[in-house]
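> One structure follows; several queries about it will come next.
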Amino acid sequence: MTDRFPRPSGGDSGGPDRTPMERLLREAMNARAAQITPHSLRPAGPPSSRVRRLKPVYLTAVPLLGLAAAMAFGVLGFRGDTVADRNETPPPAATTSATPSPTPADTPTATATAVPSATTSPSATADPDEDEAGTPAGAPGTPSAPAGSTAPQSAATPYTFRGVKFRIPAGWRLAPQDTANTLCVLAPGAPQSATAGHCAPYGAELVVYNTADEAEHAQWPTPSALESDSGWTTQPYCPVWGNPHVPAAGEVVKNTAAPVRTRDIVAGRAVRKTQWLAACGQDAFTAQLWGLTSDQVYLSAVGLKPEHQAALVSILDTMDLGGRQAPAPAGVLTDVAVTVDGLTTGQQVPSDGSPVAFSVTFKNTGRTGYADVQPQVVAEAYGGSQPAVHGTMERQDGATWTTLDIAPPSVGKPARGPGFALAPGQSVTVKYRMKLTGQDGAGVMPVTADALVIPDEGVPTVLGTRTVPVRVVK
């Protein structure tokens, strides 16, 4: 809408309004009238069943506020013509819709279904720069590959790492993973800033080798580490809870007792454990290493507080390796599948000379035929106070029983005995019986069956192997 009475370009005269105040009032009224449009005259919308409180629309009051301001300026003595003549054509006034749109606060918000989530401990904080007195916390990790530290779990949580299934104990959390084959699970009370590099002394470290090359080039842990007597005497690091550090001048890391070696059964496999008691200066600590050597799976805890031992052992107790294909060691083939019947994992075997009968079946699952497969079944030493296995192992050859060495050969090649040909797809079953004596103490004893090719020269080739851990009882 245009002004029907244009103002002169200057001065207080030249139009029907003789004073600046009158011109200001007329401009304000014209601006307000310009807001009326055909859209403003449309019928009102149907009533809504939802009653809501609308926020006041302040934009419609802008011209009135302008009018009040202009009047104030006139009262204060500013020249009204200077204000009124700023533009020849007044700018369009702000307009609003006749039906105001609802504000975000008025829009209903969908609420997601609540799902259980990990909860932090009371002292946990999300600040990554928390000092070492704090408890670590973070975002929940993914089951397959943790990208960062996760929040402590309120209950044991299933987890899978490189095919190894286990449960993270309540209150423990994953540290950011730094290498492909190593996972660190931090115990409650570990510093907020703890990472996988601080797993000693603040957590448990799970190492899983998925290829023979990984296992062959591993520095630690390895099967030989389980046999080490010196253990931690040469470590350039003091894994002391609350004060891990590089040894100071004159501070020596040393063993304070002879290592203790034991065997047990985990996930249906024989597991070897070595424990060292050590000290760094005046600070004592315990180093523990478990090895499922045939599966290339290791768990270690160095410097962990004794109060976390039960939760640490629960990681082992909940392990499931059924869905994982272990890498074959160097020199071991998988052409022959070996199964044992009559001897089961955890079966009690008396050490009173009673015979325990079982059979071993060797089946060629490869494409190569073998003219002379040598079966070998031995009972391995089970550590602790039992450095060697006594008793006898017998094999049935026709109508007779042949006495064999029950222990693995310490040096040299196994003795060649009656063998058998094994074409692709063919299987042969051999019967055995084992007798232990009173010299054999209680413990877990692995019984291992191998299918060998023993050459005239060189190292024997293992075509297939199977180990069954049993419990020797007095």
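Convention: chains lettered A, B, ... in structure tokens order; per-chain residue numbering from 1; ligands numbered from 1 as shown.
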Skipping near chain neighbours, those fewer than 3 positions away, what residues fall within 12 Å of range 159-161 of chain A using only C-alpha atoms, listed as a PyMOL selection string?
chain A and resi 141-146+153+156+164-169+173-174+177+180-185+205-210+297+315+318-324
> Quick one: everything within 6 Å of range 236-251 of chain A, counting only C-alpha atoms, minus sequence neighbours fewer than 3 positions away in the same chain. Send it as a list in words.
Ala200, Pro201, Cys280, Gly281 and Gly303 of chain A
> Which residues are near range 365-381 of chain A? Cut-off 8 Å, only C-alpha atoms, ignore same chain within fewer than 2 positions. Put them as a PyMOL selection string.
chain A and resi 334-337+363+383+386-389+393+405-408+416-425+445-454
> Suppose we keep N, CA, C and O atoms; can you now write the selection as a CSV table (one decimal), in the first residue's frame?

```csv
chain,number,residue,atom,x,y,z
A,334,THR,N,47.6,-80.8,8.8
A,334,THR,CA,46.2,-81.1,9.3
A,334,THR,C,45.6,-82.1,8.3
A,334,THR,O,44.4,-82.2,8.2
A,335,ASP,N,46.5,-83.0,7.8
A,335,ASP,CA,46.0,-84.0,6.8
A,335,ASP,C,45.2,-85.1,7.5
A,335,ASP,O,44.4,-85.8,6.9
A,336,VAL,N,45.6,-85.4,8.8
A,336,VAL,CA,45.0,-86.5,9.5
A,336,VAL,C,44.2,-86.0,10.7
A,336,VAL,O,44.7,-85.3,11.5
A,337,ALA,N,42.9,-86.3,10.7
A,337,ALA,CA,42.1,-86.0,11.9
A,337,ALA,C,42.2,-87.1,13.0
A,337,ALA,O,42.1,-88.3,12.6
A,363,LYS,N,42.2,-90.6,10.7
A,363,LYS,CA,41.5,-90.5,9.5
A,363,LYS,C,42.2,-89.5,8.5
A,363,LYS,O,42.4,-88.4,8.9
A,383,GLY,N,53.5,-80.8,35.7
A,383,GLY,CA,54.0,-79.7,36.5
A,383,GLY,C,53.8,-79.9,38.0
A,383,GLY,O,53.5,-81.0,38.5
A,386,GLN,N,55.0,-82.8,40.2
A,386,GLN,CA,55.1,-84.0,39.4
A,386,GLN,C,55.9,-83.7,38.1
A,386,GLN,O,55.3,-83.3,37.1
A,387,PRO,N,57.2,-83.7,38.1
A,387,PRO,CA,58.0,-83.3,37.0
A,387,PRO,C,57.9,-84.4,35.8
A,387,PRO,O,58.2,-84.0,34.7
A,388,ALA,N,57.5,-85.6,36.1
A,388,ALA,CA,57.5,-86.6,35.1
A,388,ALA,C,56.3,-87.6,35.4
A,388,ALA,O,55.8,-87.6,36.5
A,389,VAL,N,55.9,-88.3,34.4
A,389,VAL,CA,54.8,-89.3,34.5
A,389,VAL,C,55.4,-90.7,34.6
A,389,VAL,O,56.3,-91.0,33.8
A,393,MET,N,52.2,-97.3,29.1
A,393,MET,CA,51.3,-97.1,28.1
A,393,MET,C,51.4,-98.4,27.2
A,393,MET,O,52.5,-98.8,26.8
A,405,ASP,N,56.8,-96.4,25.8
A,405,ASP,CA,57.1,-95.3,26.7
A,405,ASP,C,55.9,-94.4,27.0
A,405,ASP,O,55.3,-93.9,26.0
A,406,ILE,N,55.6,-94.2,28.2
A,406,ILE,CA,54.4,-93.4,28.5
A,406,ILE,C,54.7,-91.9,28.4
A,406,ILE,O,53.9,-91.1,28.1
A,407,ALA,N,56.0,-91.5,28.5
A,407,ALA,CA,56.4,-90.1,28.4
A,407,ALA,C,56.9,-89.8,27.0
A,407,ALA,O,57.4,-90.7,26.3
A,408,PRO,N,56.8,-88.6,26.6
A,408,PRO,CA,57.3,-88.2,25.3
A,408,PRO,C,58.9,-88.4,25.3
A,408,PRO,O,59.5,-88.2,26.3
A,416,ARG,N,60.4,-96.0,15.9
A,416,ARG,CA,59.5,-96.4,14.9
A,416,ARG,C,59.0,-97.8,15.3
A,416,ARG,O,59.7,-98.7,15.7
A,417,GLY,N,57.6,-97.9,15.2
A,417,GLY,CA,57.0,-99.2,15.6
A,417,GLY,C,56.1,-99.6,14.4
A,417,GLY,O,56.2,-99.1,13.3
A,418,PRO,N,55.2,-100.5,14.7
A,418,PRO,CA,54.3,-100.9,13.7
A,418,PRO,C,53.4,-99.8,13.2
A,418,PRO,O,52.8,-99.1,14.0
A,419,GLY,N,53.5,-99.4,11.9
A,419,GLY,CA,52.7,-98.4,11.4
A,419,GLY,C,51.6,-98.9,10.5
A,419,GLY,O,51.3,-100.1,10.5
A,420,PHE,N,51.0,-98.0,9.7
A,420,PHE,CA,49.9,-98.4,8.8
A,420,PHE,C,49.9,-97.4,7.6
A,420,PHE,O,50.2,-96.2,7.8
A,421,ALA,N,49.4,-97.9,6.5
A,421,ALA,CA,49.1,-97.0,5.4
A,421,ALA,C,47.8,-96.3,5.5
A,421,ALA,O,46.9,-96.8,6.2
A,422,LEU,N,47.8,-95.1,5.0
A,422,LEU,CA,46.6,-94.3,5.2
A,422,LEU,C,46.3,-93.5,3.9
A,422,LEU,O,46.9,-92.5,3.6
A,423,ALA,N,45.4,-94.1,3.1
A,423,ALA,CA,45.0,-93.4,1.8
A,423,ALA,C,44.0,-92.3,2.1
A,423,ALA,O,43.4,-92.3,3.2
A,424,PRO,N,43.8,-91.4,1.2
A,424,PRO,CA,42.8,-90.3,1.4
A,424,PRO,C,41.4,-90.9,1.7
A,424,PRO,O,41.0,-91.8,1.0
A,425,GLY,N,40.8,-90.4,2.8
A,425,GLY,CA,39.5,-90.9,3.2
A,425,GLY,C,39.5,-92.1,4.0
A,425,GLY,O,38.5,-92.5,4.6
A,445,MET,N,46.7,-84.0,33.7
A,445,MET,CA,47.7,-84.7,32.9
A,445,MET,C,47.2,-84.7,31.4
A,445,MET,O,46.2,-85.3,31.2
A,446,PRO,N,47.8,-84.1,30.5
A,446,PRO,CA,47.4,-84.1,29.1
A,446,PRO,C,47.9,-85.4,28.5
A,446,PRO,O,49.0,-85.8,28.6
A,447,VAL,N,47.0,-86.1,27.8
A,447,VAL,CA,47.3,-87.3,27.0
A,447,VAL,C,47.2,-86.9,25.5
A,447,VAL,O,46.2,-86.4,25.1
A,448,THR,N,48.3,-87.0,24.8
A,448,THR,CA,48.4,-86.5,23.4
A,448,THR,C,48.6,-87.7,22.5
A,448,THR,O,49.5,-88.5,22.7
A,449,ALA,N,47.8,-87.7,21.4
A,449,ALA,CA,47.9,-88.6,20.3
A,449,ALA,C,48.4,-87.9,19.0
A,449,ALA,O,47.7,-86.9,18.6
A,450,ASP,N,49.4,-88.4,18.4
A,450,ASP,CA,50.0,-87.8,17.2
A,450,ASP,C,50.0,-88.9,16.1
A,450,ASP,O,50.2,-90.1,16.3
A,451,ALA,N,49.8,-88.4,14.9
A,451,ALA,CA,50.0,-89.2,13.7
A,451,ALA,C,51.3,-88.6,13.0
A,451,ALA,O,51.4,-87.5,12.6
A,452,LEU,N,52.4,-89.5,12.9
A,452,LEU,CA,53.7,-89.0,12.5
A,452,LEU,C,54.1,-89.7,11.2
A,452,LEU,O,53.8,-90.8,10.9
A,453,VAL,N,55.0,-89.0,10.5
A,453,VAL,CA,55.8,-89.6,9.5
A,453,VAL,C,57.2,-89.4,9.9
A,453,VAL,O,57.7,-88.3,10.1
A,454,ILE,N,57.9,-90.5,10.2
A,454,ILE,CA,59.3,-90.5,10.7
A,454,ILE,C,60.3,-90.8,9.6
A,454,ILE,O,60.4,-92.0,9.2
```
> Excluding Thr256 in chain A and any residue of its chain fewer than 2 positions from it, enumerate the residues within 9 Å of it, using only C-alpha atoms, and give them as a list in words.
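Everything that qualifies: Lys254, Ala258, Trp276, Leu277, Ala278, Ala279 and Ala284 of chain A.
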> Save the residues we just selected, C-alpha atoms, as a PDB file, in the first residue's frame?

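File again35.pdb, as written:
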```pdb
ATOM      1  CA  LYS A 254      64.316 -59.823  40.917  1.00  0.00           C
ATOM      2  CA  ALA A 258      61.092 -70.156  42.564  1.00  0.00           C
ATOM      3  CA  TRP A 276      56.513 -65.787  39.574  1.00  0.00           C
ATOM      4  CA  LEU A 277      56.891 -63.855  42.816  1.00  0.00           C
ATOM      5  CA  ALA A 278      59.096 -60.854  42.204  1.00  0.00           C
ATOM      6  CA  ALA A 279      60.017 -57.466  43.595  1.00  0.00           C
ATOM      7  CA  ALA A 284      56.653 -56.914  45.673  1.00  0.00           C
TER       8      ALA A 284
END
```
> Using only C-alpha atoms, which residue out of A:Gly443, A:Gly291, A:Ala212, A:Leu25 lies closest to Leu333 in chain A?
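Distance minimum relative to Leu333 in chain A lands on A:Ala212.
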> Let's see if you can do this: from backbone DSSP, list all helix (DSSP H, G or I) residues in range 246-471 of chain A, as an MDAnalysis selection string.
chainID A and resid 306:317
